[in-house]
file input.cif (mmCIF, C-alpha atoms)
data_my_file
#
loop_
_atom_site.label_atom_id
_atom_site.label_comp_id
_atom_site.auth_asym_id
_atom_site.auth_seq_id
_atom_site.Cartn_x
_atom_site.Cartn_y
_atom_site.Cartn_z
CA MET A 12 75.19 67.18 108.87
CA ALA A 13 76.89 63.98 110.09
CA LEU A 14 76.25 61.04 107.77
CA ILE A 15 76.18 57.43 108.87
CA ASN A 16 77.70 54.45 107.12
CA GLU A 17 74.49 53.28 105.48
CA ASN A 18 75.88 49.80 104.95
CA TYR A 19 75.00 49.13 108.58
CA LEU A 20 71.34 49.65 107.72
CA LYS A 21 71.50 46.63 105.40
CA LEU A 22 71.99 44.35 108.40
CA GLN A 23 68.47 43.23 109.13
CA ALA A 24 68.89 42.00 112.69
CA GLY A 25 71.27 42.08 115.62
CA TYR A 26 74.34 39.89 115.78
CA LEU A 27 73.37 36.27 116.43
CA PHE A 28 74.88 35.65 119.85
CA PRO A 29 73.62 38.81 121.58
CA GLU A 30 70.15 37.86 120.33
CA ILE A 31 70.52 34.44 121.95
CA GLY A 32 71.65 36.15 125.15
CA ARG A 33 68.63 38.46 125.09
CA ARG A 34 66.17 35.57 124.76
CA VAL A 35 67.84 33.61 127.53
CA ARG A 36 67.84 36.60 129.90
CA GLU A 37 64.13 37.14 129.31
CA PHE A 38 63.44 33.47 130.02
CA GLU A 39 65.50 33.51 133.22
CA ALA A 40 63.78 36.68 134.43
CA ALA A 41 60.41 35.02 133.94
CA ASN A 42 61.57 31.69 135.42
CA PRO A 43 63.93 32.55 138.29
CA GLY A 44 63.92 29.06 139.81
CA LYS A 45 64.98 27.17 136.70
CA LYS A 46 68.57 26.14 135.92
CA VAL A 47 69.50 26.99 132.35
CA ILE A 48 72.34 25.02 130.77
CA ARG A 49 74.20 27.00 128.11
CA MET A 50 75.61 25.08 125.17
CA GLY A 51 75.12 27.77 122.55
CA ILE A 52 77.79 30.46 122.57
CA GLY A 53 81.23 28.90 122.19
CA ASP A 54 82.68 30.28 125.41
CA VAL A 55 84.99 28.05 127.40
CA THR A 56 84.29 26.98 130.99
CA GLN A 57 87.55 25.42 132.18
CA PRO A 58 90.09 27.75 133.84
CA LEU A 59 93.43 28.75 132.42
CA VAL A 60 95.96 25.98 133.05
CA PRO A 61 98.54 26.36 135.87
CA GLU A 62 101.48 26.98 133.52
CA VAL A 63 99.60 29.86 131.90
CA ILE A 64 98.56 31.30 135.26
CA LYS A 65 102.16 31.12 136.48
CA ALA A 66 103.39 33.04 133.42
CA PHE A 67 100.55 35.53 133.79
CA HIS A 68 101.67 36.28 137.36
CA GLU A 69 105.25 36.64 136.20
CA GLY A 70 104.14 39.13 133.58
CA VAL A 71 102.18 41.13 136.14
CA ASP A 72 105.15 41.06 138.55
CA ASP A 73 107.37 42.40 135.77
CA MET A 74 105.06 45.40 135.54
CA ALA A 75 105.65 46.16 139.23
CA SER A 76 109.37 46.85 138.85
CA ALA A 77 111.02 49.74 137.03
CA GLU A 78 113.72 47.38 135.73
CA SER A 79 111.28 44.99 134.07
CA PHE A 80 108.32 47.29 133.41
CA LYS A 81 106.92 47.25 129.88
CA GLY A 82 105.19 50.21 128.27
CA TYR A 83 104.16 50.19 124.64
CA GLY A 84 105.27 46.92 123.11
CA PRO A 85 105.75 46.11 119.44
CA GLU A 86 102.34 46.26 117.77
CA GLN A 87 103.05 43.01 115.90
CA GLY A 88 103.75 41.15 119.16
CA TYR A 89 106.77 40.42 121.31
CA ASP A 90 109.48 38.30 119.72
CA PHE A 91 109.30 35.69 122.47
CA LEU A 92 105.70 34.88 121.47
CA ARG A 93 106.09 35.20 117.72
CA ASP A 94 109.18 32.95 117.78
CA ALA A 95 107.32 30.35 119.86
CA ILE A 96 104.38 30.39 117.45
CA ALA A 97 106.60 30.00 114.38
CA LEU A 98 108.51 27.11 115.93
CA ASN A 99 105.67 25.15 117.52
CA ASP A 100 102.70 25.79 115.24
CA TYR A 101 104.50 25.76 111.91
CA LYS A 102 108.13 24.61 111.78
CA SER A 103 107.27 21.58 113.92
CA ARG A 104 104.86 20.55 111.13
CA GLY A 105 107.39 21.19 108.38
CA VAL A 106 105.92 24.57 107.42
CA ASP A 107 108.37 27.41 106.85
CA ILE A 108 106.64 30.41 108.40
CA SER A 109 108.82 33.25 109.63
CA ALA A 110 108.11 34.90 112.99
CA ASP A 111 108.10 38.16 111.05
CA ASP A 112 104.99 36.98 109.16
CA ILE A 113 103.03 36.64 112.43
CA PHE A 114 100.88 39.46 113.81
CA VAL A 115 99.66 39.02 117.39
CA SER A 116 96.22 40.52 118.07
CA ASP A 117 93.39 40.58 120.60
CA GLY A 118 91.22 38.07 118.75
CA SER A 119 90.52 36.28 115.49
CA LYS A 120 87.02 37.71 115.45
CA CYS A 121 88.60 41.17 115.15
CA ASP A 122 91.10 40.07 112.54
CA THR A 123 88.60 38.31 110.28
CA GLY A 124 86.58 41.52 110.18
CA ASN A 125 89.44 44.00 110.04
CA ILE A 126 91.30 42.21 107.24
CA GLN A 127 88.81 43.58 104.74
CA GLU A 128 90.20 47.09 105.22
CA VAL A 129 93.29 46.26 103.17
CA PHE A 130 91.24 45.00 100.22
CA GLY A 131 89.27 47.25 97.88
CA ALA A 132 85.48 47.61 97.93
CA ALA A 133 85.21 46.11 94.42
CA ASN A 134 86.35 42.68 95.60
CA LYS A 135 83.87 39.85 95.27
CA ILE A 136 83.81 37.72 98.41
CA ALA A 137 82.83 34.05 98.67
CA ILE A 138 81.65 32.57 101.96
CA CYS A 139 80.29 29.23 103.00
CA ASP A 140 76.65 28.88 104.01
CA PRO A 141 76.20 28.22 106.90
CA VAL A 142 79.16 30.14 108.28
CA TYR A 143 80.48 32.15 111.21
CA PRO A 144 78.36 35.35 110.96
CA VAL A 145 81.29 37.78 111.19
CA TYR A 146 82.44 36.98 107.64
CA ALA A 147 79.15 38.03 106.07
CA ASP A 148 78.32 40.89 108.43
CA THR A 149 81.68 42.63 108.05
CA THR A 150 81.49 42.19 104.27
CA VAL A 151 78.22 44.11 104.41
CA MET A 152 79.65 46.75 106.76
CA SER A 153 82.62 47.33 104.44
CA GLY A 154 80.35 48.22 101.53
CA LYS A 155 81.01 45.19 99.34
CA THR A 156 77.36 44.12 99.03
CA GLY A 157 73.94 45.22 97.95
CA THR A 158 70.82 44.70 100.03
CA ILE A 159 69.56 41.45 101.47
CA GLN A 160 67.30 39.40 99.19
CA SER A 161 64.19 37.38 100.01
CA ASN A 162 66.25 34.17 100.20
CA GLY A 163 68.38 35.62 102.99
CA TYR A 164 71.43 36.21 100.78
CA PHE A 165 73.07 39.60 100.28
CA GLU A 166 73.56 40.83 96.74
CA GLY A 167 77.24 40.82 95.86
CA ILE A 168 78.31 37.88 98.04
CA ILE A 169 79.04 34.52 96.44
CA TYR A 170 77.46 31.93 98.72
CA MET A 171 78.74 28.35 98.78
CA PRO A 172 76.04 26.11 100.29
CA CYS A 173 77.25 23.39 102.65
CA ASN A 174 74.78 20.60 103.28
CA GLU A 175 74.46 16.87 103.80
CA ALA A 176 74.72 16.25 100.06
CA ASN A 177 78.26 17.64 99.87
CA GLY A 178 79.29 16.58 103.37
CA PHE A 179 79.18 20.23 104.51
CA ILE A 180 82.27 20.92 102.38
CA PRO A 181 81.72 23.74 99.85
CA GLU A 182 81.99 23.19 96.12
CA LEU A 183 84.38 25.35 94.12
CA PRO A 184 82.40 28.44 93.07
CA THR A 185 81.37 28.73 89.43
CA GLU A 186 81.46 32.54 89.70
CA ARG A 187 85.03 33.69 90.28
CA PRO A 188 85.55 35.42 93.65
CA ASP A 189 88.48 37.59 94.68
CA LEU A 190 88.49 36.68 98.37
CA ILE A 191 87.39 33.32 99.80
CA PHE A 192 86.61 32.72 103.47
CA LEU A 193 87.24 29.13 104.55
CA CYS A 194 87.01 27.79 108.12
CA PHE A 195 88.27 24.33 109.13
CA PRO A 196 87.59 22.70 111.52
CA ASN A 197 84.34 24.36 110.63
CA ASN A 198 82.20 26.60 112.74
CA PRO A 199 79.30 25.75 112.93
CA THR A 200 79.20 22.29 111.32
CA GLY A 201 82.27 20.74 112.97
CA THR A 202 83.51 19.27 109.67
CA VAL A 203 87.16 19.17 108.60
CA ALA A 204 88.90 19.39 105.24
CA SER A 205 91.38 16.79 104.01
CA LYS A 206 94.71 17.66 102.44
CA GLU A 207 93.25 16.75 99.04
CA GLU A 208 90.32 19.11 99.58
CA LEU A 209 92.53 22.03 100.64
CA THR A 210 94.88 21.35 97.73
CA LYS A 211 91.92 21.77 95.39
CA TRP A 212 91.18 25.19 96.90
CA VAL A 213 94.80 26.34 96.75
CA GLU A 214 95.06 25.32 93.10
CA TYR A 215 91.79 27.11 92.35
CA ALA A 216 93.05 30.28 94.07
CA ARG A 217 96.34 30.18 92.18
CA ALA A 218 94.58 29.69 88.84
CA ASN A 219 92.11 32.51 89.48
CA LYS A 220 94.29 35.00 91.42
CA CYS A 221 92.10 34.68 94.51
CA ILE A 222 93.14 35.02 98.14
CA ILE A 223 91.97 32.49 100.72
CA LEU A 224 91.17 33.95 104.14
CA TYR A 225 91.66 30.79 106.20
CA ASP A 226 90.21 30.62 109.70
CA ALA A 227 91.98 27.87 111.67
CA ALA A 228 90.77 28.92 115.12
CA TYR A 229 89.89 25.32 116.05
CA GLU A 230 92.91 23.48 114.65
CA ALA A 231 93.99 22.32 118.12
CA PHE A 232 90.97 20.00 118.21
CA ILE A 233 92.12 17.96 115.20
CA VAL A 234 92.92 14.39 116.31
CA ASP A 235 93.14 12.79 112.87
CA ASP A 236 96.79 12.92 111.79
CA SER A 237 95.81 13.02 108.11
CA ILE A 238 93.95 16.35 108.50
CA PRO A 239 96.04 19.52 107.97
CA HIS A 240 96.21 21.97 110.88
CA SER A 241 97.20 24.84 108.59
CA ILE A 242 96.47 25.91 105.03
CA PHE A 243 100.22 26.40 104.70
CA GLU A 244 100.74 22.64 104.83
CA ILE A 245 99.54 22.76 101.22
CA GLU A 246 102.18 23.46 98.58
CA GLY A 247 101.80 26.93 97.08
CA ALA A 248 99.43 28.19 99.77
CA LYS A 249 101.77 30.95 100.92
CA GLU A 250 101.21 32.64 97.55
CA VAL A 251 97.42 32.72 97.87
CA ALA A 252 96.41 32.48 101.54
CA LEU A 253 96.61 34.08 104.94
CA GLU A 254 95.62 32.38 108.17
CA PHE A 255 93.82 33.33 111.38
CA ARG A 256 94.63 31.52 114.63
CA SER A 257 93.32 31.99 118.16
CA PHE A 258 94.26 31.15 121.75
CA SER A 259 90.61 31.51 122.82
CA LYS A 260 89.46 27.93 122.39
CA THR A 261 92.94 26.40 122.24
CA ALA A 262 93.97 27.63 125.69
CA GLY A 263 90.93 29.31 127.24
CA PHE A 264 91.80 32.91 126.35
CA THR A 265 88.24 34.02 125.57
CA GLY A 266 88.40 36.42 128.52
CA THR A 267 92.03 37.45 128.22
CA ARG A 268 92.07 37.98 124.42
CA CYS A 269 95.00 36.83 122.32
CA ALA A 270 95.25 35.55 118.75
CA PHE A 271 97.41 35.97 115.67
CA THR A 272 97.22 36.28 111.91
CA VAL A 273 99.85 34.90 109.54
CA ILE A 274 100.47 36.80 106.31
CA PRO A 275 103.36 35.32 104.31
CA LYS A 276 105.62 37.71 102.46
CA GLU A 277 104.81 35.79 99.26
CA LEU A 278 101.12 36.77 99.34
CA LYS A 279 100.22 39.49 96.83
CA ALA A 280 97.12 41.40 95.71
CA TYR A 281 96.66 43.82 92.82
CA ASP A 282 95.93 47.49 92.33
CA SER A 283 93.53 48.87 89.70
CA HIS A 284 96.34 48.84 87.13
CA GLY A 285 97.07 45.17 87.65
CA VAL A 286 100.31 45.77 89.53
CA ALA A 287 100.99 43.22 92.28
CA HIS A 288 101.63 44.40 95.84
CA PRO A 289 102.53 42.32 98.90
CA VAL A 290 99.65 42.18 101.39
CA LYS A 291 101.84 41.92 104.48
CA PRO A 292 103.04 45.58 104.50
CA LEU A 293 99.44 46.76 104.06
CA TRP A 294 98.25 44.76 107.06
CA ASN A 295 101.29 45.92 109.02
CA ARG A 296 100.35 49.54 108.23
CA ARG A 297 96.77 48.96 109.34
CA HIS A 298 97.86 47.01 112.42
CA THR A 299 100.38 49.60 113.61
CA THR A 300 98.04 52.52 112.93
CA LYS A 301 94.93 51.19 114.65
CA PHE A 302 96.31 48.83 117.28
CA ASN A 303 98.79 49.24 120.13
CA GLY A 304 99.38 45.56 120.74
CA VAL A 305 98.26 42.88 123.18
CA SER A 306 99.30 43.52 126.77
CA TYR A 307 102.63 42.13 127.92
CA PRO A 308 101.22 39.86 130.70
CA VAL A 309 98.75 38.31 128.25
CA GLN A 310 101.51 37.59 125.74
CA LYS A 311 103.67 36.09 128.49
CA ALA A 312 100.74 33.84 129.39
CA ALA A 313 100.17 32.87 125.75
CA ALA A 314 103.81 31.92 125.28
CA ALA A 315 103.51 29.54 128.23
CA ILE A 316 101.28 27.17 126.26
CA TYR A 317 104.34 26.32 124.15
CA THR A 318 106.43 25.06 127.08
CA GLU A 319 106.53 21.31 127.56
CA GLU A 320 104.35 21.50 130.66
CA GLY A 321 102.07 24.03 129.02
CA LYS A 322 101.52 21.79 126.01
CA LYS A 323 100.63 18.89 128.27
CA GLN A 324 98.19 20.90 130.38
CA VAL A 325 96.47 22.53 127.40
CA LYS A 326 96.11 19.16 125.67
CA GLU A 327 94.32 17.82 128.75
CA VAL A 328 91.77 20.65 128.54
CA ILE A 329 91.27 20.13 124.81
CA ASN A 330 90.70 16.42 125.45
CA TYR A 331 88.15 17.36 128.12
CA TYR A 332 86.13 19.33 125.57
CA LEU A 333 86.53 16.62 122.93
CA GLU A 334 85.16 14.09 125.41
CA ASN A 335 82.20 16.43 125.93
CA ALA A 336 81.70 16.42 122.17
CA ARG A 337 81.83 12.62 122.08
CA ILE A 338 79.23 12.36 124.83
CA MET A 339 76.98 14.82 123.04
CA ARG A 340 77.39 13.17 119.67
CA GLU A 341 76.63 9.67 120.95
CA SER A 342 73.75 10.77 123.18
CA LEU A 343 72.06 12.84 120.50
CA THR A 344 72.49 10.03 117.97
CA ALA A 345 70.95 7.55 120.40
CA THR A 346 68.06 9.96 120.95
CA GLY A 347 67.32 9.87 117.23
CA PHE A 348 68.99 12.98 115.86
CA ALA A 349 71.04 13.06 112.67
CA VAL A 350 74.39 14.26 114.04
CA PHE A 351 77.47 15.72 112.33
CA GLY A 352 80.82 17.06 113.55
CA GLY A 353 82.04 16.64 117.10
CA VAL A 354 85.07 14.47 116.23
CA ASN A 355 87.89 16.82 115.20
CA ALA A 356 86.00 19.88 116.41
CA PRO A 357 84.25 21.18 119.54
CA TYR A 358 80.91 21.69 117.77
CA VAL A 359 78.12 19.19 117.20
CA TRP A 360 75.73 19.96 114.34
CA VAL A 361 72.33 18.28 114.41
CA LYS A 362 69.32 18.18 112.15
CA THR A 363 66.21 19.47 113.87
CA PRO A 364 63.42 16.89 114.29
CA ASN A 365 60.44 16.78 111.96
CA ASN A 366 61.73 19.64 109.78
CA MET A 367 61.30 22.06 112.69
CA LYS A 368 62.56 25.59 112.11
CA SER A 369 65.83 26.34 113.89
CA TRP A 370 64.49 29.12 116.11
CA ASP A 371 61.42 27.03 116.95
CA PHE A 372 63.72 24.25 118.12
CA PHE A 373 65.72 26.84 120.10
CA ASP A 374 62.53 27.87 121.90
CA LYS A 375 61.47 24.27 122.50
CA LEU A 376 64.83 23.41 124.07
CA LEU A 377 64.87 26.59 126.15
CA PHE A 378 61.30 26.40 127.44
CA GLU A 379 60.92 22.61 127.83
CA ALA A 380 64.46 21.43 128.64
CA ASN A 381 66.03 24.72 129.77
CA VAL A 382 68.97 24.03 127.44
CA VAL A 383 70.49 26.66 125.16
CA GLY A 384 72.02 25.91 121.77
CA THR A 385 72.45 27.94 118.58
CA PRO A 386 69.86 27.92 115.77
CA GLY A 387 71.46 26.95 112.49
CA SER A 388 69.63 29.64 110.52
CA GLY A 389 71.66 32.22 112.43
CA PHE A 390 74.69 31.03 110.45
CA GLY A 391 72.98 31.49 107.09
CA PRO A 392 69.99 30.26 105.06
CA SER A 393 71.50 26.80 104.50
CA GLY A 394 71.67 26.40 108.26
CA GLU A 395 67.88 26.37 108.52
CA GLY A 396 66.69 23.07 109.93
CA TYR A 397 69.94 22.51 111.85
CA PHE A 398 71.18 23.32 115.32
CA ARG A 399 74.64 23.74 116.87
CA PHE A 400 75.71 22.55 120.30
CA SER A 401 78.98 23.69 121.85
CA ALA A 402 81.18 21.24 123.75
CA PHE A 403 82.70 23.98 125.89
CA ALA A 404 80.33 23.36 128.81
CA ASP A 405 81.11 21.81 132.18
CA ARG A 406 80.97 17.98 132.07
CA ASP A 407 78.19 17.65 134.62
CA ASN A 408 76.12 20.16 132.68
CA VAL A 409 76.72 18.27 129.44
CA LEU A 410 75.48 15.05 131.01
CA GLU A 411 72.45 16.77 132.51
CA ALA A 412 71.62 18.56 129.27
CA MET A 413 71.76 15.31 127.28
CA GLU A 414 69.45 13.65 129.79
CA ARG A 415 66.99 16.53 129.54
CA ILE A 416 67.00 16.36 125.74
CA GLN A 417 66.45 12.59 125.84
CA ASN A 418 63.33 13.23 127.92
CA LEU A 419 61.90 15.78 125.51
CA LYS A 420 58.62 14.86 123.88
#
call {"tool": "encode", "arguments": {"input": "input.cif", "output": "structure tokens"}}
result
Amino acid sequence: MALINENYLKLQAGYLFPEIGRRVREFEAANPGKKVIRMGIGDVTQPLVPEVIKAFHEGVDDMASAESFKGYGPEQGYDFLRDAIALNDYKSRGVDISADDIFVSDGSKCDTGNIQEVFGAANKIAICDPVYPVYADTTVMSGKTGTIQSNGYFEGIIYMPCNEANGFIPELPTERPDLIFLCFPNNPTGTVASKEELTKWVEYARANKCIILYDAAYEAFIVDDSIPHSIFEIEGAKEVALEFRSFSKTAGFTGTRCAFTVIPKELKAYDSHGVAHPVKPLWNRRHTTKFNGVSYPVQKAAAAIYTEEGKKQVKEVINYYLENARIMRESLTATGFAVFGGVNAPYVWVKTPNNMKSWDFFDKLLFEANVVGTPGSGFGPSGEGYFRFSAFADRDNVLEAMERIQNLK
């Protein structure tokens, strides 16, 4: 008799974004003549920049010749990409990260879920609320929780509410966790953490032998020079943190899939006897066993964003999305919404009007304005009463969507 992983049965509903997609498809089928503007799922709309496309073609051409053909590559990533990452994303900011500490992958979503495999089931995990759903769902799938409670929280997870009172920045947990998920710039709230704030978390992790799982997928959108782009800009962080990065939103790789995780050699976790072990070899073992690496043409394309022309072109696209966020933020504020985020991040977080439930507001926007956003409750119980808009839409659609929302009754 084949037995299932019963932890999956604890998940009460489908993953948030497929559910949004299902509702939108049903609406479009019933209303074929109506134009729906999507500002919910954080998928990019602008094409890959010319420098990336050029490198992509070069990579494909290399595969057409026996002399330059590439078969299986190194699972951790080609040196040309890992070296470029280490130099441009870290050493340029005064952070000493070795290329050998970088693991190229097909997405941060995968890595944030898969990382739990190298940590034991007895670990207590802390997550923000609201938060990117993958952190909580994969914690459940890995068997680290009990069942879901009436308040929407899973037994066994330490939830750190983020709300207007604390500026959507979590308080240090009173119950000691083993693993802490942090995401800045934050998805979904669009908030950022100062150097002082991150220092507090690093010091807490060092004092309590915790490990910070730091998701920096949106760091390229930081425009405030005082805000850290990496957890490793904080002294001592290499001893207590690892970091997830992505090319998806930075350079439009949502459809081509490329990301990386940084695990410093200094980072250690403990066995049941209290003996410390470096985490990096464990992740390397998992990575090389279950993953054959990102394709060569994709890595060639990713490396192109670090050329001088590539940096310039990618920055122009990031500025395009940030301008979308500015337009959204100012328009929604003028319409009467309480608005957060949208400055150093591509997400705008708004309070729903008249204490309306998040999914009710989703339906109102969809049916009356034909605009799609993301209900805040989908990111956790503390997201109820809020709504997320993504700035990754086409400019004309952003302007039209804002006009439609202004005309809502």
call {"tool": "resolve_selection", "arguments": {"input": "input.cif", "expression": "the PyMOL selection byres ((chain A and resi 42-56) around 8)", "output": "NGL selection string"}}
result
:A and (28 or 38-41 or 57-58 or 260 or 263 or 265 or 377 or 381-385 or 399-405 or 408 or 412)
call {"tool": "closest_residue", "arguments": {"input": "input.cif", "among": "A:Asn125, A:Lys206, A:Tyr307, A:Val325", "to": "Asp236 (chain A)", "atoms": "all atoms listed in the file"}}
result
A:Lys206
call {"tool": "closest_residue", "arguments": {"input": "input.cif", "among": "A:Tyr164, A:Tyr101, A:Phe264, A:Tyr146", "to": "Phe243 (chain A)", "atoms": "all atoms listed in the file"}}
result
A:Tyr101
call {"tool": "residues_around", "arguments": {"input": "input.cif", "residues": "Ile238 (chain A)", "least_positions_apart": "6", "cutoff": "9 Å", "atoms": "only C-alpha atoms", "output": "ChimeraX atom specification"}}
result
/A:203-206
call {"tool": "closest_residue", "arguments": {"input": "input.cif", "among": "A:Pro289, A:Pro141, A:Gly163, A:Gly88", "to": "Lys21 (chain A)", "atoms": "only C-alpha atoms"}}
result
A:Gly163
call {"tool": "residues_around", "arguments": {"input": "input.cif", "residues": "Gly124 (chain A)", "least_positions_apart": "5", "cutoff": "8 Å", "atoms": "all atoms listed in the file", "output": "VMD selection string"}}
result
chain A and resid 145 to 146 149 to 150
call {"tool": "residues_around", "arguments": {"input": "input.cif", "residues": "Ile233 (chain A)", "least_positions_apart": "6", "cutoff": "9 Å", "atoms": "all atoms listed in the file", "output": "PyMOL selection string"}}
result
chain A and resi 196+203+239-240+354-356
call {"tool": "closest_residue", "arguments": {"input": "input.cif", "among": "A:Ile316, A:Phe351, A:Lys368, A:Val309", "to": "Met74 (chain A)", "atoms": "all atoms listed in the file"}}
result
A:Val309
call {"tool": "atom_distance", "arguments": {"input": "input.cif", "atom1": "CA of Arg337 (chain A)", "atom2": "CA of Gly353 (chain A)"}}
result
6.4 Å
call {"tool": "closest_atom_pairs", "arguments": {"input": "input.cif", "of": "region 248-367 of chain A", "to": "region 76-81 of chain A", "cutoff": "12 Å", "atoms": "all atoms listed in the file", "output": "tab-separated table"}}
result
residue	atom	partner	partner_atom	distance
A:Gly304	CA	A:Lys81	CA	12.0
A:Val305	CA	A:Lys81	CA	11.8
A:Ser306	CA	A:Lys81	CA	9.0
A:Tyr307	CA	A:Lys81	CA	7.0
A:Pro308	CA	A:Lys81	CA	9.4
A:Gln310	CA	A:Lys81	CA	11.8
A:Lys311	CA	A:Lys81	CA	11.7
call {"tool": "resolve_selection", "arguments": {"input": "input.cif", "expression": "the PyMOL selection byres ((chain A and resi 317) around 12)", "output": "PDB file with C-alpha atoms, in the coordinates of the input"}}
result
ATOM      1  CA  GLU A  62     101.480  26.980 133.520  1.00  0.00           C
ATOM      2  CA  VAL A  63      99.600  29.860 131.900  1.00  0.00           C
ATOM      3  CA  ALA A  66     103.390  33.040 133.420  1.00  0.00           C
ATOM      4  CA  PHE A  91     109.300  35.690 122.470  1.00  0.00           C
ATOM      5  CA  LEU A  92     105.700  34.880 121.470  1.00  0.00           C
ATOM      6  CA  ARG A  93     106.090  35.200 117.720  1.00  0.00           C
ATOM      7  CA  ASP A  94     109.180  32.950 117.780  1.00  0.00           C
ATOM      8  CA  ALA A  95     107.320  30.350 119.860  1.00  0.00           C
ATOM      9  CA  ILE A  96     104.380  30.390 117.450  1.00  0.00           C
ATOM     10  CA  ALA A  97     106.600  30.000 114.380  1.00  0.00           C
ATOM     11  CA  LEU A  98     108.510  27.110 115.930  1.00  0.00           C
ATOM     12  CA  ASN A  99     105.670  25.150 117.520  1.00  0.00           C
ATOM     13  CA  ASP A 100     102.700  25.790 115.240  1.00  0.00           C
ATOM     14  CA  SER A 103     107.270  21.580 113.920  1.00  0.00           C
ATOM     15  CA  PHE A 258      94.260  31.150 121.750  1.00  0.00           C
ATOM     16  CA  THR A 261      92.940  26.400 122.240  1.00  0.00           C
ATOM     17  CA  ALA A 262      93.970  27.630 125.690  1.00  0.00           C
ATOM     18  CA  GLN A 310     101.510  37.590 125.740  1.00  0.00           C
ATOM     19  CA  LYS A 311     103.670  36.090 128.490  1.00  0.00           C
ATOM     20  CA  ALA A 312     100.740  33.840 129.390  1.00  0.00           C
ATOM     21  CA  ALA A 313     100.170  32.870 125.750  1.00  0.00           C
ATOM     22  CA  ALA A 314     103.810  31.920 125.280  1.00  0.00           C
ATOM     23  CA  ALA A 315     103.510  29.540 128.230  1.00  0.00           C
ATOM     24  CA  ILE A 316     101.280  27.170 126.260  1.00  0.00           C
ATOM     25  CA  THR A 318     106.430  25.060 127.080  1.00  0.00           C
ATOM     26  CA  GLU A 319     106.530  21.310 127.560  1.00  0.00           C
ATOM     27  CA  GLU A 320     104.350  21.500 130.660  1.00  0.00           C
ATOM     28  CA  GLY A 321     102.070  24.030 129.020  1.00  0.00           C
ATOM     29  CA  LYS A 322     101.520  21.790 126.010  1.00  0.00           C
ATOM     30  CA  LYS A 323     100.630  18.890 128.270  1.00  0.00           C
ATOM     31  CA  GLN A 324      98.190  20.900 130.380  1.00  0.00           C
ATOM     32  CA  VAL A 325      96.470  22.530 127.400  1.00  0.00           C
ATOM     33  CA  LYS A 326      96.110  19.160 125.670  1.00  0.00           C
TER      34      LYS A 326
END
call {"tool": "closest_residue", "arguments": {"input": "input.cif", "among": "A:His68, A:Lys220, A:Lys211, A:Lys420", "to": "Arg187 (chain A)", "atoms": "all atoms listed in the file"}}
result
A:Lys220
call {"tool": "residues_near_point", "arguments": {"input": "input.cif", "point": "(94.1, 23.5, 98.3)", "cutoff": "10 Å", "atoms": "all atoms listed in the file", "output": "list in words"}}
result
Ala204, Ser205, Lys206, Glu207, Glu208, Leu209, Thr210, Lys211, Trp212, Val213, Glu214, Tyr215, Ala216, Arg217, Ile223, Ile242, Phe243, Glu244, Ile245, Glu246, Gly247, Ala248, Val251 and Ala252 of chain A
call {"tool": "write_last_selection", "arguments": {"input": "input.cif", "atoms": "C-alpha atoms", "output": "PDB file, in the frame of the given file"}}
result
ATOM      1  CA  ALA A 204      88.900  19.390 105.240  1.00  0.00           C
ATOM      2  CA  SER A 205      91.380  16.790 104.010  1.00  0.00           C
ATOM      3  CA  LYS A 206      94.710  17.660 102.440  1.00  0.00           C
ATOM      4  CA  GLU A 207      93.250  16.750  99.040  1.00  0.00           C
ATOM      5  CA  GLU A 208      90.320  19.110  99.580  1.00  0.00           C
ATOM      6  CA  LEU A 209      92.530  22.030 100.640  1.00  0.00           C
ATOM      7  CA  THR A 210      94.880  21.350  97.730  1.00  0.00           C
ATOM      8  CA  LYS A 211      91.920  21.770  95.390  1.00  0.00           C
ATOM      9  CA  TRP A 212      91.180  25.190  96.900  1.00  0.00           C
ATOM     10  CA  VAL A 213      94.800  26.340  96.750  1.00  0.00           C
ATOM     11  CA  GLU A 214      95.060  25.320  93.100  1.00  0.00           C
ATOM     12  CA  TYR A 215      91.790  27.110  92.350  1.00  0.00           C
ATOM     13  CA  ALA A 216      93.050  30.280  94.070  1.00  0.00           C
ATOM     14  CA  ARG A 217      96.340  30.180  92.180  1.00  0.00           C
ATOM     15  CA  ILE A 223      91.970  32.490 100.720  1.00  0.00           C
ATOM     16  CA  ILE A 242      96.470  25.910 105.030  1.00  0.00           C
ATOM     17  CA  PHE A 243     100.220  26.400 104.700  1.00  0.00           C
ATOM     18  CA  GLU A 244     100.740  22.640 104.830  1.00  0.00           C
ATOM     19  CA  ILE A 245      99.540  22.760 101.220  1.00  0.00           C
ATOM     20  CA  GLU A 246     102.180  23.460  98.580  1.00  0.00           C
ATOM     21  CA  GLY A 247     101.800  26.930  97.080  1.00  0.00           C
ATOM     22  CA  ALA A 248      99.430  28.190  99.770  1.00  0.00           C
ATOM     23  CA  VAL A 251      97.420  32.720  97.870  1.00  0.00           C
ATOM     24  CA  ALA A 252      96.410  32.480 101.540  1.00  0.00           C
TER      25      ALA A 252
END
call {"tool": "resolve_selection", "arguments": {"input": "input.cif", "expression": "the PyMOL selection byres ((chain A and resi 27) around 10)", "output": "list in words"}}
result
Ala24, Gly25, Tyr26, Phe28, Pro29, Glu30, Ile31, Gly32, Ile52, Tyr143, Pro144, Val145, Thr385, Pro386, Ser388, Gly389 and Phe390 of chain A
call {"tool": "atom_distance", "arguments": {"input": "input.cif", "atom1": "CA of Tyr281 (chain A)", "atom2": "CA of Gln127 (chain A)"}}
result
14.3 Å
call {"tool": "atom_distance", "arguments": {"input": "input.cif", "atom1": "CA of Leu333 (chain A)", "atom2": "CA of Val142 (chain A)"}}
result
21.3 Å
call {"tool": "residues_around", "arguments": {"input": "input.cif", "residues": "region 154-160 of chain A", "least_positions_apart": "4", "cutoff": "9 Å", "atoms": "all atoms listed in the file", "output": "MDAnalysis selection string"}}
result
chainID A and resid 16:19 21:23 131:136 149:150 164:168
